[in-house]
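A.B. asks: File start.cif follows (mmCIF, C-alpha atoms):
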```
data_run
loop_
_atom_site.label_atom_id
_atom_site.label_comp_id
_atom_site.auth_asym_id
_atom_site.auth_seq_id
_atom_site.Cartn_x
_atom_site.Cartn_y
_atom_site.Cartn_z
CA MET N 1 2.26 -8.39 18.75
CA ALA N 2 0.93 -10.99 16.36
CA HIS N 3 -1.11 -9.55 13.51
CA TYR N 4 -3.81 -11.05 11.33
CA GLY N 5 -6.91 -9.95 9.48
CA LEU N 6 -5.71 -7.51 6.81
CA SER N 7 -8.56 -5.27 5.70
CA HIS N 8 -9.68 -2.13 3.88
CA PRO N 9 -6.94 -1.12 1.41
CA TYR N 10 -7.29 2.55 0.49
CA ILE N 11 -5.58 4.48 -2.30
CA SER N 12 -5.44 8.23 -2.87
CA LYS N 13 -3.60 10.19 -5.58
CA LEU N 14 -0.64 12.18 -4.25
CA ASP N 15 0.30 15.63 -5.52
CA VAL N 16 4.05 15.38 -4.93
CA LYS N 17 4.59 19.16 -4.99
CA THR N 18 1.99 20.02 -2.36
CA GLY N 19 1.84 16.74 -0.46
CA THR N 20 -1.96 16.65 -0.72
CA TYR N 21 -4.19 13.73 -1.63
CA SER N 22 -7.25 13.53 -3.89
CA ASP N 23 -9.48 11.03 -5.72
CA GLY N 24 -9.26 8.50 -2.87
CA PHE N 25 -11.12 5.19 -2.89
CA LYS N 26 -11.29 1.77 -1.27
CA CYS N 27 -9.13 -0.41 -3.49
CA GLY N 28 -11.17 -3.58 -3.54
CA THR N 29 -11.12 -6.23 -0.84
CA ALA N 30 -7.73 -7.08 0.66
CA VAL N 31 -6.23 -10.52 0.10
CA GLY N 32 -2.64 -9.76 1.14
CA THR N 33 -0.01 -7.07 1.36
CA ASP N 34 3.76 -7.04 1.88
CA VAL N 35 5.96 -4.09 2.77
CA ASP N 36 9.67 -4.90 2.51
CA PRO N 37 11.99 -1.97 3.39
CA GLN N 38 15.41 -1.80 1.74
CA TYR N 39 18.41 -0.09 3.29
CA GLY N 40 21.74 1.27 2.12
CA GLU N 41 24.39 -0.02 4.50
CA ALA N 42 27.99 0.84 5.29
CA LYS N 43 30.46 -0.54 7.80
CA VAL N 44 33.80 0.82 8.91
CA TYR N 45 36.37 -1.35 10.65
CA GLY N 46 39.28 -0.06 12.70
CA ASP N 47 41.67 -1.64 15.18
CA ASN N 48 40.42 -5.05 14.08
CA LYS N 49 36.78 -4.43 15.05
CA LEU N 50 33.59 -2.93 13.72
CA VAL N 51 33.62 0.79 14.55
CA ILE N 52 30.69 2.10 12.51
CA ASP N 53 27.63 0.21 11.33
CA HIS N 54 25.29 2.60 9.54
CA SER N 55 22.14 2.03 7.50
CA GLU N 56 19.67 4.39 5.84
CA PHE N 57 16.26 3.76 4.34
CA LYS N 58 16.29 3.68 0.51
CA PHE N 59 12.81 2.46 -0.48
CA ALA N 60 10.33 -0.31 0.30
CA ASN N 61 9.04 -2.93 -2.09
CA VAL N 62 5.26 -3.10 -1.81
CA LYS N 63 2.85 -5.82 -2.89
CA LEU N 64 -0.93 -5.50 -2.76
CA GLN N 65 -3.29 -8.32 -3.68
CA VAL N 66 -7.04 -7.69 -3.83
CA THR N 67 -10.07 -9.66 -4.98
CA GLN N 68 -10.88 -7.07 -7.64
CA LEU N 69 -9.45 -3.73 -8.75
CA PRO N 70 -12.06 -0.98 -9.02
CA LEU N 71 -12.22 0.81 -12.39
CA LYS N 72 -11.13 4.01 -10.64
CA ALA N 73 -7.75 2.38 -9.93
CA ALA N 74 -6.90 2.34 -13.64
CA ASN N 75 -7.05 6.14 -13.75
CA VAL N 76 -5.89 7.18 -10.28
CA MET N 77 -3.03 4.71 -10.01
CA PHE N 78 -1.93 4.22 -13.61
CA GLY N 79 -3.17 7.21 -15.62
CA HIS N 80 -5.37 5.18 -17.98
CA THR N 81 -8.53 6.64 -19.50
CA VAL N 82 -11.64 5.30 -17.79
CA ASP N 83 -15.27 5.55 -18.88
CA GLU N 84 -17.17 4.35 -15.83
CA ALA N 85 -20.54 4.53 -17.64
CA THR N 86 -19.45 1.84 -20.10
CA SER N 87 -16.83 0.12 -17.89
CA LYS N 88 -14.22 0.78 -20.58
CA VAL N 89 -10.53 1.32 -19.85
CA VAL N 90 -8.14 2.47 -22.57
CA TYR N 91 -4.44 1.73 -22.02
CA LYS N 92 -2.04 3.93 -23.98
CA ASP N 93 1.71 3.60 -24.29
CA SER N 94 1.99 7.20 -23.10
CA ASP N 95 0.12 6.56 -19.79
CA THR N 96 2.24 7.03 -16.68
CA ALA N 97 1.62 5.75 -13.18
CA ASN N 98 0.88 8.29 -10.46
CA PHE N 99 2.28 8.51 -6.97
CA VAL N 100 -0.38 7.51 -4.46
CA GLY N 101 -0.83 7.13 -0.74
CA TYR N 102 -1.67 3.57 0.32
CA GLY N 103 -3.31 2.67 3.62
CA PHE N 104 -4.70 -0.46 5.25
CA TYR N 105 -5.33 -1.92 8.67
CA ALA N 106 -4.91 -5.26 10.36
CA SER N 107 -5.94 -6.80 13.66
CA GLU N 108 -3.27 -7.47 16.28
CA ILE N 109 -3.30 -9.35 19.53
CA ASP N 110 -0.69 -8.93 22.24
CA ASP N 111 0.71 -11.53 24.65
CA ASP N 112 -2.05 -10.70 27.15
CA GLY N 113 -4.75 -11.42 24.58
CA GLU N 114 -5.72 -7.77 24.07
CA LYS N 115 -6.96 -7.07 20.53
CA LYS N 116 -6.00 -3.84 18.78
CA TYR N 117 -6.09 -2.53 15.24
CA ILE N 118 -2.98 -1.23 13.51
CA ALA N 119 -3.51 1.32 10.77
CA ALA N 120 -0.61 1.75 8.36
CA VAL N 121 -0.14 4.37 5.66
CA LEU N 122 2.58 4.50 3.04
CA PRO N 123 2.46 8.19 2.03
CA LYS N 124 4.22 7.86 -1.35
CA VAL N 125 3.98 4.74 -3.50
CA LYS N 126 4.16 4.16 -7.23
CA PHE N 127 2.52 0.90 -8.28
CA LYS N 128 3.06 -0.94 -11.56
CA ASP N 129 0.06 -2.00 -13.60
CA THR N 130 -1.07 -5.59 -13.08
CA ALA N 131 -0.33 -8.54 -15.26
CA ASP N 132 -3.43 -10.35 -16.44
CA SER N 133 -3.65 -14.10 -15.95
CA TYR N 134 -6.59 -16.21 -17.07
CA GLU N 135 -7.17 -19.94 -16.88
CA THR N 136 -9.84 -22.15 -18.37
CA LYS N 137 -12.35 -23.82 -16.07
CA GLY N 138 -11.55 -27.48 -15.68
CA GLU N 139 -12.72 -29.99 -13.09
CA ASN N 140 -12.11 -27.39 -10.40
CA ILE N 141 -12.56 -23.63 -10.42
CA THR N 142 -9.38 -21.62 -9.87
CA PHE N 143 -9.66 -17.94 -9.01
CA LYS N 144 -7.06 -15.44 -10.19
CA THR N 145 -6.83 -12.17 -8.26
CA PRO N 146 -5.02 -8.92 -9.13
CA SER N 147 -1.60 -8.50 -7.57
CA LEU N 148 0.09 -5.12 -7.72
CA THR N 149 3.73 -4.40 -7.02
CA GLY N 150 5.22 -1.01 -6.34
CA VAL N 151 7.87 1.00 -4.58
CA ALA N 152 7.33 3.20 -1.53
CA SER N 153 9.69 6.12 -1.07
CA SER N 154 9.99 8.98 1.38
CA ASP N 155 7.59 11.89 0.98
CA LYS N 156 8.56 15.58 1.11
CA ASP N 157 8.74 15.35 4.94
CA GLY N 158 11.00 12.31 4.88
CA GLU N 159 8.24 9.93 5.99
CA TRP N 160 7.84 6.60 4.24
CA ARG N 161 5.50 4.77 6.64
CA VAL N 162 3.13 5.86 9.41
CA LYS N 163 1.53 3.41 11.87
CA GLN N 164 -0.95 3.98 14.66
CA TRP N 165 -2.78 1.54 16.95
CA PHE N 166 -6.48 1.83 17.82
CA LYS N 167 -9.04 0.06 19.98
CA THR N 168 -11.65 -0.23 17.20
CA GLU N 169 -11.77 -0.91 13.48
CA ASP N 170 -13.77 2.27 12.92
CA GLU N 171 -10.99 4.37 14.49
CA ALA N 172 -8.37 2.69 12.28
CA ILE N 173 -10.43 3.29 9.13
CA ALA N 174 -11.11 6.91 10.12
CA PHE N 175 -7.35 7.51 10.61
CA ILE N 176 -6.52 6.14 7.15
CA LYS N 177 -9.32 8.06 5.43
CA ASP N 178 -8.37 11.27 7.19
CA TYR N 179 -4.67 10.85 6.34
CA LEU N 180 -5.44 10.18 2.66
CA ASN N 181 -8.20 12.83 2.44
CA ILE N 182 -10.92 10.29 1.58
CA THR N 183 -14.42 11.59 2.22
CA GLU N 184 -16.57 8.75 0.84
#
```
Could you rewrite the structure in this file as structure tokens?

C.D. replies:
Amino acid sequence: MAHYGLSHPYISKLDVKTGTYSDGFKCGTAVGTDVDPQYGEAKVYGDNKLVIDHSEFKFANVKLQVTQLPLKAANVMFGHTVDEATSKVVYKDSDTANFVGYGFYASEIDDDGEKKYIAAVLPKVKFKDTADSYETKGENITFKTPSLTGVASSDKDGEWRVKQWFKTEDEAIAFIKDYLNITE
């Protein structure tokens, strides 16, 4: 299937010991995302031919680009102190990023023209804080949007990615929110 129309990135803090999620939120408006799995590989040759070709999942590089990061992201994802009343974020050298669950959905269309929605959840991701980039306004306006990178790894059940297809956007969103324990 061909996919297009990335939408609704959700983040929820993961308690690694219990495997439960909390403090979930919609993480801005999706611009792009990449999930690039990496594998450990081994080959064994015998009698002049390949006898064993084995690979195992190691981790996945993850990139998330949004139009704007909500203030809540600074605390839930990166452990920074946030005062939402004043829109103040304090970054300390002792802050540590948290493991989170990351979910999103995209539209897909099959060869017969049938449209479906694929919901994807990465149960255990640790993102790195964003780099800030600013540019003066010249003859043309250039927007800069936050781009996060992280690493997805297997959770306590050995799962690193879960996908499910739905007939409607609402079903895809409900799946993600239910998986990540988001009640908003």

A.B. asks: Between CA of Leu122 (chain N) and CA of Val62 (chain N), what is the distance, to one decimal in Å?

C.D. replies: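 Atom-to-atom, CA of Leu122 (chain N) to CA of Val62 (chain N), that is 9.4 Å.
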
A.B. asks: Here is a test: counting all atoms listed in the file, which residue of N:Glu139, N:Ser154, N:Gly40, N:Val121 is nearest to Phe175 (chain N)?

C.D. replies: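 Of N:Glu139, N:Ser154, N:Gly40, N:Val121, the one nearest Phe175 (chain N), counting all atoms listed in the file, is N:Val121.
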
A.B. asks: Here is a test: counting only C-alpha atoms, which residue of N:Gly5, N:Pro123, N:Gly158, N:Pro70 is nearest to Val31 (chain N)?

C.D. replies: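 When distances to Val31 (chain N) are compared using only C-alpha atoms, the smallest one comes from N:Gly5.
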
A.B. asks: Just give me the gap between CA of Ala131 (chain N) and CA of Val16 (chain N) in Å, one decimal is fine.

C.D. replies: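 A separation of 26.4 Å between them.
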
A.B. asks: Please compute the CA of Tyr102 (chain N)-CA of His8 (chain N) distance, one decimal, in Å.

C.D. replies: 10.5 Å

A.B. asks: Near Leu148 (chain N), counting all atoms listed in the file, which residues have an atom at most 10 Å away, once you skip same-chain residues fewer than 5 positions from it, shown as a ChimeraX atom specification?

C.D. replies: /N:33,62-66,69,127-131

A.B. asks: Quick one: residues within 7 Å of region 159-173 of chain N, only C-alpha atoms counted, chain neighbours fewer than 4 positions away excluded, as an MDAnalysis selection string?

C.D. replies: chainID N and resid 105 116:124 152:155 177

A.B. asks: Counting only C-alpha atoms, which residue out of N:Glu84, N:Glu184, N:Asp23, N:Asp178 sits closest to Asn98 (chain N)?

C.D. replies: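 Looking only at the distances to Asn98 (chain N), the closest residue turns out to be N:Asp23.
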
A.B. asks: When the PyMOL selection byres ((chain N and resi 151) around 6) is applied to the structure above, which residues does it catch, written out as number ranges by chain?

C.D. replies: N: 60-62, 125-126, 150, 152

A.B. asks: With all atoms listed in the file as the basis for distance, which of N:Phe143, N:Phe25, N:Phe59, N:Phe104 is at the shortest distance from Ser12 (chain N)?

C.D. replies: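 Among the listed residues, N:Phe25 lies closest to Ser12 (chain N).
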
A.B. asks: With distances taken over all atoms listed in the file, which residue among N:Asp111, N:Val76, N:Thr136, N:Asp83 lies nearest Asp15 (chain N)?

C.D. replies: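 For Asp15 (chain N), the nearest of the given residues is N:Val76.
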
A.B. asks: Identify, on the basis of only C-alpha atoms, every residue whose closest approach to Gly24 (chain N) does not exceed 8 Å; exclude the query and any residue fewer than 4 positions from it along the same chain; express the result as a ChimeraX atom specification.

C.D. replies: /N:10-13,180-183
